[in-house]
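Scroll down for the structure; my scribbles are underneath it.
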Amino acid sequence: MKYLNQEIENELRNRGAELIRFVSISHLDEKQNRQLPNAIVFVLPLTAEYVRTVFDTPDYVQARIDNNYDFDDDEFSQTEHKAGEIADDLARFIAGKGYKAISQSDTGLVADDVFNDETKESVLPHKTVALLGGLGWIGKNNLLITPEYGAAQCLGTVLTDAPLETVLHEPPFPKCGRCSACVNICERKVLKGKIWSISVSRDEIVNIYGCSTCLKCLVHCSRTQIYKKRNIK
């Protein structure tokens with residue numbers, strides 16, 4: 001088991017993944033875990049330079065929308081796509097060793113009919129696996145916040161029956177405290193300032209249907225700013 005963990009970790013790190021966790025999901029219901037006991041979650045960090053660019057350009061996303069939705073060279077879009085590609089490749093790698101493996105890439109979720117377009121949610125969100133792996137907490141911006149990168153990351157997950165050494169954490173309580181930088185910067189006022197807990201639903205934190213994905217709540221997060229300052233001199 002330990003050897004397989006290391007082999008998978010090496011595969012992921014060679015593709016730029018960080019904060020890799022092997023997580024037990026056997027306690028979840030079968031609709032969520034899709035009858036597989038383990039999950040692998042990984043982080044692809046956004047660069048501090050990208051965080052600075054978006055922070056310093058208030059109309060960053062809108063300008064690209066106005067320019068015929070030109071996101072081809074946008075780092076966030078590229079990183080999200082890369083996370084999906086890595087998950088797909090990892091699932092094939094594990095399947096090649098004789099185990100079941102399901103990639104939770106956007107393409108995979110749609111193909112398997114486990115993403116609800118109406119509610120914009122999958123049956124097992126990446127963030128849920130990340131929480132169970134102890135990677136971080138859910139902020140007032142409804143994003144995963146890690147001590148290392150703040151909200152500046154994209155996630156990938158793979159579900160599998162491979163015999164892995166796994167962890168299972170109680171989801172960390174949010175460390176946002178009185179900070180409401182994300183709530184205050186949200187022009188559409190879709191963030192409600194609610195502190196996440198296991199009993200708090202997504203809709204109590206954010207009106208997802210009004211969100212424009214402007215990235216402001218991501219880059220203005222105080223933890224993201226700490227990451228930026230630590231990496232840009």
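Residues in the structure tokens are numbered from 1 in each chain, the chains being A, B, ... in the order shown, and ligands are numbered from 1 in the order shown.
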
Using only C-alpha atoms, find each residue in region 120-208 of chain A having at least one atom no more than 10 Å away from region 46-60 of chain A; report its shortest atom-to-atom pair and that distance in Å (one decimal), rows by chain then rising number, as a Markdown table.
| residue | atom | partner | partner_atom | distance |
| --- | --- | --- | --- | --- |
| A:Tyr149 | CA | A:Leu46 | CA | 8.1 |
| A:Ala151 | CA | A:Leu46 | CA | 9.0 |
| A:Ala152 | CA | A:Leu46 | CA | 5.2 |
| A:Gln153 | CA | A:Leu46 | CA | 5.2 |
| A:Cys154 | CA | A:Leu46 | CA | 7.5 |

Selection file, N, CA, C and O atoms, as a tab-separated table (two decimals), in the first residue's frame:
chain	number	residue	atom	x	y	z
A	149	TYR	N	-1.77	28.38	0.46
A	149	TYR	CA	-2.10	29.18	-0.72
A	149	TYR	C	-3.32	30.07	-0.56
A	149	TYR	O	-3.71	30.75	-1.51
A	151	ALA	N	-6.88	30.96	-1.00
A	151	ALA	CA	-7.88	30.42	-1.95
A	151	ALA	C	-7.29	30.23	-3.34
A	151	ALA	O	-8.02	29.89	-4.27
A	152	ALA	N	-5.99	30.44	-3.48
A	152	ALA	CA	-5.35	30.45	-4.81
A	152	ALA	C	-4.92	29.06	-5.27
A	152	ALA	O	-3.73	28.75	-5.36
A	153	GLN	N	-5.91	28.22	-5.54
A	153	GLN	CA	-5.61	26.88	-6.02
A	153	GLN	C	-6.81	26.30	-6.75
A	153	GLN	O	-7.94	26.75	-6.58
A	154	CYS	N	-6.54	25.28	-7.56
A	154	CYS	CA	-7.58	24.47	-8.17
A	154	CYS	C	-7.39	23.04	-7.67
A	154	CYS	O	-6.27	22.63	-7.36

Give the alpha helix (DSSP H) residues of region 3-46 of chain A, as assigned by DSSP on the backbone, as a PDB file with all heavy atoms, in the first residue's frame.
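Written output follows (result.pdb):
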ATOM      1  N   TYR A   3       3.854   1.651  -1.002  1.00  0.00           N
ATOM      2  CA  TYR A   3       4.544   1.827  -2.279  1.00  0.00           C
ATOM      3  C   TYR A   3       3.614   2.454  -3.308  1.00  0.00           C
ATOM      4  O   TYR A   3       4.014   3.351  -4.058  1.00  0.00           O
ATOM      5  CB  TYR A   3       5.061   0.475  -2.783  1.00  0.00           C
ATOM      6  CG  TYR A   3       5.674   0.557  -4.157  1.00  0.00           C
ATOM      7  CD1 TYR A   3       6.962   1.070  -4.334  1.00  0.00           C
ATOM      8  CD2 TYR A   3       4.962   0.152  -5.281  1.00  0.00           C
ATOM      9  CE1 TYR A   3       7.524   1.168  -5.596  1.00  0.00           C
ATOM     10  CE2 TYR A   3       5.517   0.244  -6.544  1.00  0.00           C
ATOM     11  CZ  TYR A   3       6.792   0.744  -6.698  1.00  0.00           C
ATOM     12  OH  TYR A   3       7.340   0.846  -7.949  1.00  0.00           O
ATOM     13  N   LEU A   4       2.351   2.003  -3.326  1.00  0.00           N
ATOM     14  CA  LEU A   4       1.391   2.542  -4.287  1.00  0.00           C
ATOM     15  C   LEU A   4       1.102   4.012  -4.007  1.00  0.00           C
ATOM     16  O   LEU A   4       1.016   4.821  -4.922  1.00  0.00           O
ATOM     17  CB  LEU A   4       0.098   1.726  -4.260  1.00  0.00           C
ATOM     18  CG  LEU A   4      -0.974   2.118  -5.289  1.00  0.00           C
ATOM     19  CD1 LEU A   4      -0.421   2.075  -6.703  1.00  0.00           C
ATOM     20  CD2 LEU A   4      -2.181   1.196  -5.159  1.00  0.00           C
ATOM     21  N   ASN A   5       0.960   4.361  -2.729  1.00  0.00           N
ATOM     22  CA  ASN A   5       0.801   5.778  -2.360  1.00  0.00           C
ATOM     23  C   ASN A   5       1.937   6.611  -2.929  1.00  0.00           C
ATOM     24  O   ASN A   5       1.720   7.667  -3.536  1.00  0.00           O
ATOM     25  CB  ASN A   5       0.786   5.943  -0.840  1.00  0.00           C
ATOM     26  CG  ASN A   5      -0.553   5.634  -0.203  1.00  0.00           C
ATOM     27  OD1 ASN A   5      -1.127   4.588  -0.446  1.00  0.00           O
ATOM     28  ND2 ASN A   5      -1.045   6.544   0.605  1.00  0.00           N
ATOM     29  N   GLN A   6       3.165   6.122  -2.723  1.00  0.00           N
ATOM     30  CA  GLN A   6       4.332   6.878  -3.162  1.00  0.00           C
ATOM     31  C   GLN A   6       4.401   6.984  -4.675  1.00  0.00           C
ATOM     32  O   GLN A   6       4.748   8.033  -5.231  1.00  0.00           O
ATOM     33  CB  GLN A   6       5.614   6.218  -2.631  1.00  0.00           C
ATOM     34  CG  GLN A   6       6.871   7.072  -2.821  1.00  0.00           C
ATOM     35  CD  GLN A   6       6.786   8.404  -2.116  1.00  0.00           C
ATOM     36  OE1 GLN A   6       6.622   8.460  -0.906  1.00  0.00           O
ATOM     37  NE2 GLN A   6       6.888   9.501  -2.868  1.00  0.00           N
ATOM     38  N   GLU A   7       4.026   5.899  -5.344  1.00  0.00           N
ATOM     39  CA  GLU A   7       4.048   5.892  -6.808  1.00  0.00           C
ATOM     40  C   GLU A   7       3.048   6.924  -7.358  1.00  0.00           C
ATOM     41  O   GLU A   7       3.355   7.674  -8.289  1.00  0.00           O
ATOM     42  CB  GLU A   7       3.699   4.488  -7.307  1.00  0.00           C
ATOM     43  CG  GLU A   7       4.134   4.221  -8.730  1.00  0.00           C
ATOM     44  CD  GLU A   7       3.921   2.784  -9.140  1.00  0.00           C
ATOM     45  OE1 GLU A   7       3.423   1.979  -8.330  1.00  0.00           O
ATOM     46  OE2 GLU A   7       4.244   2.471 -10.298  1.00  0.00           O
ATOM     47  N   ILE A   8       1.859   6.946  -6.769  1.00  0.00           N
ATOM     48  CA  ILE A   8       0.837   7.908  -7.197  1.00  0.00           C
ATOM     49  C   ILE A   8       1.286   9.331  -6.882  1.00  0.00           C
ATOM     50  O   ILE A   8       1.134  10.246  -7.706  1.00  0.00           O
ATOM     51  CB  ILE A   8      -0.506   7.591  -6.520  1.00  0.00           C
ATOM     52  CG1 ILE A   8      -1.094   6.305  -7.088  1.00  0.00           C
ATOM     53  CG2 ILE A   8      -1.485   8.751  -6.684  1.00  0.00           C
ATOM     54  CD1 ILE A   8      -2.302   5.779  -6.338  1.00  0.00           C
ATOM     55  N   GLU A   9       1.852   9.530  -5.695  1.00  0.00           N
ATOM     56  CA  GLU A   9       2.326  10.863  -5.322  1.00  0.00           C
ATOM     57  C   GLU A   9       3.398  11.345  -6.284  1.00  0.00           C
ATOM     58  O   GLU A   9       3.403  12.519  -6.690  1.00  0.00           O
ATOM     59  CB  GLU A   9       2.853  10.854  -3.891  1.00  0.00           C
ATOM     60  CG  GLU A   9       3.220  12.236  -3.390  1.00  0.00           C
ATOM     61  CD  GLU A   9       3.430  12.296  -1.893  1.00  0.00           C
ATOM     62  OE1 GLU A   9       2.886  11.450  -1.162  1.00  0.00           O
ATOM     63  OE2 GLU A   9       4.147  13.218  -1.453  1.00  0.00           O
ATOM     64  N   ASN A  10       4.296  10.462  -6.669  1.00  0.00           N
ATOM     65  CA  ASN A  10       5.349  10.839  -7.621  1.00  0.00           C
ATOM     66  C   ASN A  10       4.749  11.249  -8.961  1.00  0.00           C
ATOM     67  O   ASN A  10       5.189  12.233  -9.577  1.00  0.00           O
ATOM     68  CB  ASN A  10       6.323   9.679  -7.828  1.00  0.00           C
ATOM     69  CG  ASN A  10       7.183   9.403  -6.604  1.00  0.00           C
ATOM     70  OD1 ASN A  10       7.284  10.243  -5.718  1.00  0.00           O
ATOM     71  ND2 ASN A  10       7.774   8.223  -6.544  1.00  0.00           N
ATOM     72  N   GLU A  11       3.757  10.487  -9.424  1.00  0.00           N
ATOM     73  CA  GLU A  11       3.078  10.821 -10.678  1.00  0.00           C
ATOM     74  C   GLU A  11       2.479  12.221 -10.612  1.00  0.00           C
ATOM     75  O   GLU A  11       2.578  13.017 -11.550  1.00  0.00           O
ATOM     76  CB  GLU A  11       1.980   9.793 -10.973  1.00  0.00           C
ATOM     77  CG  GLU A  11       2.465   8.422 -11.390  1.00  0.00           C
ATOM     78  CD  GLU A  11       3.037   8.394 -12.800  1.00  0.00           C
ATOM     79  OE1 GLU A  11       2.483   9.086 -13.675  1.00  0.00           O
ATOM     80  OE2 GLU A  11       4.038   7.691 -13.016  1.00  0.00           O
ATOM     81  N   LEU A  12       1.824  12.519  -9.496  1.00  0.00           N
ATOM     82  CA  LEU A  12       1.154  13.813  -9.342  1.00  0.00           C
ATOM     83  C   LEU A  12       2.167  14.952  -9.221  1.00  0.00           C
ATOM     84  O   LEU A  12       2.000  16.012  -9.835  1.00  0.00           O
ATOM     85  CB  LEU A  12       0.232  13.783  -8.125  1.00  0.00           C
ATOM     86  CG  LEU A  12      -1.029  12.927  -8.282  1.00  0.00           C
ATOM     87  CD1 LEU A  12      -1.752  12.789  -6.946  1.00  0.00           C
ATOM     88  CD2 LEU A  12      -1.972  13.532  -9.327  1.00  0.00           C
ATOM     89  N   ARG A  13       3.204  14.749  -8.430  1.00  0.00           N
ATOM     90  CA  ARG A  13       4.200  15.825  -8.248  1.00  0.00           C
ATOM     91  C   ARG A  13       4.937  16.128  -9.544  1.00  0.00           C
ATOM     92  O   ARG A  13       5.298  17.268  -9.809  1.00  0.00           O
ATOM     93  CB  ARG A  13       5.181  15.464  -7.138  1.00  0.00           C
ATOM     94  CG  ARG A  13       4.532  15.469  -5.756  1.00  0.00           C
ATOM     95  CD  ARG A  13       5.532  15.599  -4.628  1.00  0.00           C
ATOM     96  NE  ARG A  13       4.861  15.521  -3.336  1.00  0.00           N
ATOM     97  CZ  ARG A  13       4.209  16.520  -2.757  1.00  0.00           C
ATOM     98  NH1 ARG A  13       4.141  17.690  -3.378  1.00  0.00           N
ATOM     99  NH2 ARG A  13       3.636  16.364  -1.581  1.00  0.00           N
ATOM    100  N   GLU A  30     -23.405   5.677  -0.707  1.00  0.00           N
ATOM    101  CA  GLU A  30     -22.942   5.132  -1.982  1.00  0.00           C
ATOM    102  C   GLU A  30     -23.179   6.058  -3.159  1.00  0.00           C
ATOM    103  O   GLU A  30     -22.507   5.954  -4.181  1.00  0.00           O
ATOM    104  CB  GLU A  30     -23.612   3.771  -2.233  1.00  0.00           C
ATOM    105  CG  GLU A  30     -23.123   2.690  -1.287  1.00  0.00           C
ATOM    106  CD  GLU A  30     -23.673   1.320  -1.619  1.00  0.00           C
ATOM    107  OE1 GLU A  30     -24.546   1.221  -2.521  1.00  0.00           O
ATOM    108  OE2 GLU A  30     -23.215   0.338  -1.007  1.00  0.00           O
ATOM    109  N   LYS A  31     -24.146   6.960  -3.019  1.00  0.00           N
ATOM    110  CA  LYS A  31     -24.349   7.942  -4.086  1.00  0.00           C
ATOM    111  C   LYS A  31     -23.152   8.879  -4.170  1.00  0.00           C
ATOM    112  O   LYS A  31     -22.724   9.268  -5.264  1.00  0.00           O
ATOM    113  CB  LYS A  31     -25.627   8.743  -3.829  1.00  0.00           C
ATOM    114  CG  LYS A  31     -25.943   9.749  -4.923  1.00  0.00           C
ATOM    115  CD  LYS A  31     -27.212  10.518  -4.629  1.00  0.00           C
ATOM    116  CE  LYS A  31     -27.477  11.573  -5.712  1.00  0.00           C
ATOM    117  NZ  LYS A  31     -28.682  12.386  -5.418  1.00  0.00           N
ATOM    118  N   GLN A  32     -22.602   9.228  -3.004  1.00  0.00           N
ATOM    119  CA  GLN A  32     -21.452  10.137  -2.982  1.00  0.00           C
ATOM    120  C   GLN A  32     -20.157   9.441  -3.367  1.00  0.00           C
ATOM    121  O   GLN A  32     -19.414   9.919  -4.219  1.00  0.00           O
ATOM    122  CB  GLN A  32     -21.311  10.767  -1.593  1.00  0.00           C
ATOM    123  CG  GLN A  32     -22.225  11.944  -1.334  1.00  0.00           C
ATOM    124  CD  GLN A  32     -21.838  12.663  -0.059  1.00  0.00           C
ATOM    125  OE1 GLN A  32     -21.883  12.099   1.025  1.00  0.00           O
ATOM    126  NE2 GLN A  32     -21.463  13.912  -0.192  1.00  0.00           N
ATOM    127  N   ASN A  33     -19.862   8.315  -2.701  1.00  0.00           N
ATOM    128  CA  ASN A  33     -18.556   7.682  -2.955  1.00  0.00           C
ATOM    129  C   ASN A  33     -18.570   6.728  -4.146  1.00  0.00           C
ATOM    130  O   ASN A  33     -17.542   6.188  -4.525  1.00  0.00           O
ATOM    131  CB  ASN A  33     -18.037   6.967  -1.712  1.00  0.00           C
ATOM    132  CG  ASN A  33     -18.872   5.786  -1.281  1.00  0.00           C
ATOM    133  OD1 ASN A  33     -19.554   5.141  -2.083  1.00  0.00           O
ATOM    134  ND2 ASN A  33     -18.827   5.476   0.021  1.00  0.00           N
TER     135      ASN A  33
END

DSSP strand (DSSP E) residues within region 80-159 of chain A, as a PyMOL selection string: chain A and resi 101-103+115-116+121-122+137-138+144-145+153-159

Next, write the just-selected residues to a file, as a compact mmCIF listing (two decimals), in the first residue's frame, keeping C-alpha atoms as the atom set.
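Final output, saved to out-v5.txt:
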# COMPACT_ATOMS: atom_id res chain seq x y z
CA ALA A 101 -10.67 4.47 -10.62
CA ILE A 102 -13.00 7.35 -11.46
CA SER A 103 -11.75 10.80 -12.42
CA PHE A 115 -23.05 16.93 -12.03
CA ASN A 116 -26.29 18.86 -11.65
CA GLU A 121 -22.98 20.90 -7.87
CA SER A 122 -21.53 17.39 -8.11
CA TRP A 137 -11.43 25.04 5.53
CA ILE A 138 -14.33 26.65 3.66
CA LEU A 144 -11.35 26.08 0.01
CA ILE A 145 -8.78 28.04 2.02
CA GLN A 153 -5.61 26.88 -6.02
CA CYS A 154 -7.58 24.47 -8.17
CA LEU A 155 -8.46 20.96 -7.00
CA GLY A 156 -8.56 17.55 -8.61
CA THR A 157 -9.94 14.28 -7.24
CA VAL A 158 -9.96 10.62 -8.20
CA LEU A 159 -12.08 7.92 -6.52

Please identify all polymer residues within 9 Å of Lys189 (chain A), counting only C-alpha atoms, omitting same-chain residues fewer than 5 positions from it, and present them as a ChimeraX atom specification. /A:183-184,206-207,210-211

Save the residues we just selected, all heavy atoms, as a PDB file, in the first residue's frame?
ATOM      1  N   VAL A 183     -16.436  39.274   1.348  1.00  0.00           N
ATOM      2  CA  VAL A 183     -17.826  39.744   1.372  1.00  0.00           C
ATOM      3  C   VAL A 183     -17.888  41.203   0.931  1.00  0.00           C
ATOM      4  O   VAL A 183     -18.744  41.601   0.131  1.00  0.00           O
ATOM      5  CB  VAL A 183     -18.435  39.582   2.776  1.00  0.00           C
ATOM      6  CG1 VAL A 183     -19.865  40.116   2.811  1.00  0.00           C
ATOM      7  CG2 VAL A 183     -18.404  38.118   3.207  1.00  0.00           C
ATOM      8  N   ASN A 184     -16.951  42.003   1.439  1.00  0.00           N
ATOM      9  CA  ASN A 184     -16.956  43.441   1.155  1.00  0.00           C
ATOM     10  C   ASN A 184     -16.632  43.760  -0.299  1.00  0.00           C
ATOM     11  O   ASN A 184     -17.124  44.752  -0.849  1.00  0.00           O
ATOM     12  CB  ASN A 184     -15.966  44.158   2.072  1.00  0.00           C
ATOM     13  CG  ASN A 184     -16.353  44.063   3.536  1.00  0.00           C
ATOM     14  OD1 ASN A 184     -17.530  43.886   3.860  1.00  0.00           O
ATOM     15  ND2 ASN A 184     -15.374  44.162   4.428  1.00  0.00           N
ATOM     16  N   VAL A 206     -23.529  31.481   0.024  1.00  0.00           N
ATOM     17  CA  VAL A 206     -23.440  32.208  -1.242  1.00  0.00           C
ATOM     18  C   VAL A 206     -24.683  31.959  -2.096  1.00  0.00           C
ATOM     19  O   VAL A 206     -25.231  30.855  -2.086  1.00  0.00           O
ATOM     20  CB  VAL A 206     -22.169  31.781  -2.020  1.00  0.00           C
ATOM     21  CG1 VAL A 206     -22.169  30.286  -2.299  1.00  0.00           C
ATOM     22  CG2 VAL A 206     -22.000  32.555  -3.313  1.00  0.00           C
ATOM     23  N   ASN A 207     -25.093  32.992  -2.799  1.00  0.00           N
ATOM     24  CA  ASN A 207     -26.103  32.832  -3.844  1.00  0.00           C
ATOM     25  C   ASN A 207     -25.352  32.489  -5.121  1.00  0.00           C
ATOM     26  O   ASN A 207     -24.934  33.375  -5.870  1.00  0.00           O
ATOM     27  CB  ASN A 207     -26.917  34.116  -4.009  1.00  0.00           C
ATOM     28  CG  ASN A 207     -27.823  34.068  -5.233  1.00  0.00           C
ATOM     29  OD1 ASN A 207     -28.073  33.005  -5.796  1.00  0.00           O
ATOM     30  ND2 ASN A 207     -28.296  35.228  -5.659  1.00  0.00           N
ATOM     31  N   GLY A 210     -26.145  34.004  -8.579  1.00  0.00           N
ATOM     32  CA  GLY A 210     -25.843  35.400  -8.875  1.00  0.00           C
ATOM     33  C   GLY A 210     -24.361  35.666  -9.054  1.00  0.00           C
ATOM     34  O   GLY A 210     -23.950  36.775  -9.415  1.00  0.00           O
ATOM     35  N   CYS A 211     -23.535  34.633  -8.806  1.00  0.00           N
ATOM     36  CA  CYS A 211     -22.076  34.796  -8.869  1.00  0.00           C
ATOM     37  C   CYS A 211     -21.609  34.900 -10.315  1.00  0.00           C
ATOM     38  O   CYS A 211     -22.030  34.123 -11.181  1.00  0.00           O
ATOM     39  CB  CYS A 211     -21.401  33.614  -8.188  1.00  0.00           C
ATOM     40  SG  CYS A 211     -19.603  33.647  -8.289  1.00  0.00           S
TER      41      CYS A 211
END

Correct to one decimal, the distance CA of Leu168 (chain A)-CA of His126 (chain A) is 14.8 Å

What's the 8 Å shell around Ala130 (chain A), counting only C-alpha atoms, without same-chain residues fewer than 3 positions away, as a PyMOL selection string? chain A and resi 21+41+126-127+133-136+144

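Compared by their closest atoms to Asn142 (chain A), and using only C-alpha atoms, the residues A:Ala83, A:Leu36, A:Cys182, A:Ile25 rank with A:Cys182 nearest.
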
Find the residues near region 199-203 of chain A: any atom within 12 Å, counting only C-alpha atoms, skip ones fewer than 4 places away on the same chain, and give them as a PyMOL selection string. chain A and resi 119-121+125+127-128+138-143+171+173+190-195+207-211

Mind writing the picked residues with N, CA and C atoms as a PDB file, in the first residue's frame?
ATOM      1  N   THR A 119     -28.232  23.022 -10.185  1.00  0.00           N
ATOM      2  CA  THR A 119     -27.729  23.460  -8.874  1.00  0.00           C
ATOM      3  C   THR A 119     -26.231  23.745  -8.890  1.00  0.00           C
ATOM      4  N   LYS A 120     -25.568  23.448 -10.014  1.00  0.00           N
ATOM      5  CA  LYS A 120     -24.127  23.665 -10.180  1.00  0.00           C
ATOM      6  C   LYS A 120     -23.331  22.938  -9.092  1.00  0.00           C
ATOM      7  N   GLU A 121     -23.632  21.660  -8.920  1.00  0.00           N
ATOM      8  CA  GLU A 121     -22.978  20.896  -7.867  1.00  0.00           C
ATOM      9  C   GLU A 121     -22.849  19.434  -8.262  1.00  0.00           C
ATOM     10  N   PRO A 125     -18.299  16.980  -4.138  1.00  0.00           N
ATOM     11  CA  PRO A 125     -17.426  18.093  -4.526  1.00  0.00           C
ATOM     12  C   PRO A 125     -15.970  17.866  -4.119  1.00  0.00           C
ATOM     13  N   LYS A 127     -14.111  19.967  -2.807  1.00  0.00           N
ATOM     14  CA  LYS A 127     -13.899  20.604  -1.499  1.00  0.00           C
ATOM     15  C   LYS A 127     -14.231  19.667  -0.349  1.00  0.00           C
ATOM     16  N   THR A 128     -15.235  18.813  -0.542  1.00  0.00           N
ATOM     17  CA  THR A 128     -15.599  17.859   0.510  1.00  0.00           C
ATOM     18  C   THR A 128     -14.454  16.895   0.775  1.00  0.00           C
ATOM     19  N   ILE A 138     -13.503  25.880   4.594  1.00  0.00           N
ATOM     20  CA  ILE A 138     -14.326  26.646   3.656  1.00  0.00           C
ATOM     21  C   ILE A 138     -14.450  28.073   4.181  1.00  0.00           C
ATOM     22  N   GLY A 139     -14.069  29.038   3.346  1.00  0.00           N
ATOM     23  CA  GLY A 139     -14.119  30.438   3.752  1.00  0.00           C
ATOM     24  C   GLY A 139     -15.482  31.060   3.506  1.00  0.00           C
ATOM     25  N   LYS A 140     -15.610  32.320   3.891  1.00  0.00           N
ATOM     26  CA  LYS A 140     -16.855  33.051   3.658  1.00  0.00           C
ATOM     27  C   LYS A 140     -17.104  33.273   2.167  1.00  0.00           C
ATOM     28  N   ASN A 141     -16.084  33.024   1.351  1.00  0.00           N
ATOM     29  CA  ASN A 141     -16.235  33.105  -0.105  1.00  0.00           C
ATOM     30  C   ASN A 141     -16.654  31.763  -0.712  1.00  0.00           C
ATOM     31  N   ASN A 142     -16.920  30.781   0.141  1.00  0.00           N
ATOM     32  CA  ASN A 142     -17.322  29.428  -0.287  1.00  0.00           C
ATOM     33  C   ASN A 142     -16.212  28.706  -1.042  1.00  0.00           C
ATOM     34  N   LEU A 143     -14.971  29.147  -0.880  1.00  0.00           N
ATOM     35  CA  LEU A 143     -13.832  28.498  -1.506  1.00  0.00           C
ATOM     36  C   LEU A 143     -13.019  27.755  -0.453  1.00  0.00           C
ATOM     37  N   PRO A 171     -13.480  17.849   9.444  1.00  0.00           N
ATOM     38  CA  PRO A 171     -13.285  19.083   8.672  1.00  0.00           C
ATOM     39  C   PRO A 171     -12.840  20.232   9.582  1.00  0.00           C
ATOM     40  N   PHE A 173     -12.376  23.728  11.370  1.00  0.00           N
ATOM     41  CA  PHE A 173     -13.271  24.875  11.533  1.00  0.00           C
ATOM     42  C   PHE A 173     -12.644  26.083  10.850  1.00  0.00           C
ATOM     43  N   VAL A 190     -23.361  38.586  -3.423  1.00  0.00           N
ATOM     44  CA  VAL A 190     -23.865  37.213  -3.346  1.00  0.00           C
ATOM     45  C   VAL A 190     -23.325  36.466  -2.119  1.00  0.00           C
ATOM     46  N   LEU A 191     -22.278  37.014  -1.487  1.00  0.00           N
ATOM     47  CA  LEU A 191     -21.714  36.386  -0.289  1.00  0.00           C
ATOM     48  C   LEU A 191     -22.441  36.918   0.945  1.00  0.00           C
ATOM     49  N   LYS A 192     -22.818  36.006   1.827  1.00  0.00           N
ATOM     50  CA  LYS A 192     -23.705  36.371   2.927  1.00  0.00           C
ATOM     51  C   LYS A 192     -22.991  36.539   4.263  1.00  0.00           C
ATOM     52  N   GLY A 193     -21.660  36.309   4.275  1.00  0.00           N
ATOM     53  CA  GLY A 193     -20.893  36.503   5.497  1.00  0.00           C
ATOM     54  C   GLY A 193     -21.068  35.402   6.522  1.00  0.00           C
ATOM     55  N   LYS A 194     -21.630  34.278   6.101  1.00  0.00           N
ATOM     56  CA  LYS A 194     -21.907  33.163   7.007  1.00  0.00           C
ATOM     57  C   LYS A 194     -20.653  32.316   7.204  1.00  0.00           C
ATOM     58  N   ILE A 195     -20.413  31.937   8.452  1.00  0.00           N
ATOM     59  CA  ILE A 195     -19.311  31.031   8.761  1.00  0.00           C
ATOM     60  C   ILE A 195     -19.745  29.595   8.457  1.00  0.00           C
ATOM     61  N   ASN A 207     -25.093  32.992  -2.799  1.00  0.00           N
ATOM     62  CA  ASN A 207     -26.103  32.832  -3.844  1.00  0.00           C
ATOM     63  C   ASN A 207     -25.352  32.489  -5.121  1.00  0.00           C
ATOM     64  N   ILE A 208     -25.165  31.193  -5.342  1.00  0.00           N
ATOM     65  CA  ILE A 208     -24.322  30.741  -6.447  1.00  0.00           C
ATOM     66  C   ILE A 208     -24.867  31.180  -7.801  1.00  0.00           C
ATOM     67  N   TYR A 209     -26.175  31.380  -7.879  1.00  0.00           N
ATOM     68  CA  TYR A 209     -26.804  31.726  -9.151  1.00  0.00           C
ATOM     69  C   TYR A 209     -26.540  33.184  -9.539  1.00  0.00           C
ATOM     70  N   GLY A 210     -26.145  34.004  -8.579  1.00  0.00           N
ATOM     71  CA  GLY A 210     -25.843  35.400  -8.875  1.00  0.00           C
ATOM     72  C   GLY A 210     -24.361  35.666  -9.054  1.00  0.00           C
ATOM     73  N   CYS A 211     -23.535  34.633  -8.806  1.00  0.00           N
ATOM     74  CA  CYS A 211     -22.076  34.796  -8.869  1.00  0.00           C
ATOM     75  C   CYS A 211     -21.609  34.900 -10.315  1.00  0.00           C
TER      76      CYS A 211
END

For Ile65 (chain A), which residue among A:Asn38, A:Ser212, A:Gln78, A:Thr160 is the nearest when counting only C-alpha atoms? A:Ser212

Mind giving me the straight-line distance from CA of Leu90 (chain A) to CA of Phe71 (chain A) in Å, one decimal?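 Interatomic distance, CA of Leu90 (chain A) to CA of Phe71 (chain A): 25.9 Å.
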
With only C-alpha atoms as the basis for distance, which of A:Asp106, A:Asp112, A:Glu187, A:Glu148 is at the shortest distance from His81 (chain A)? A:Asp106
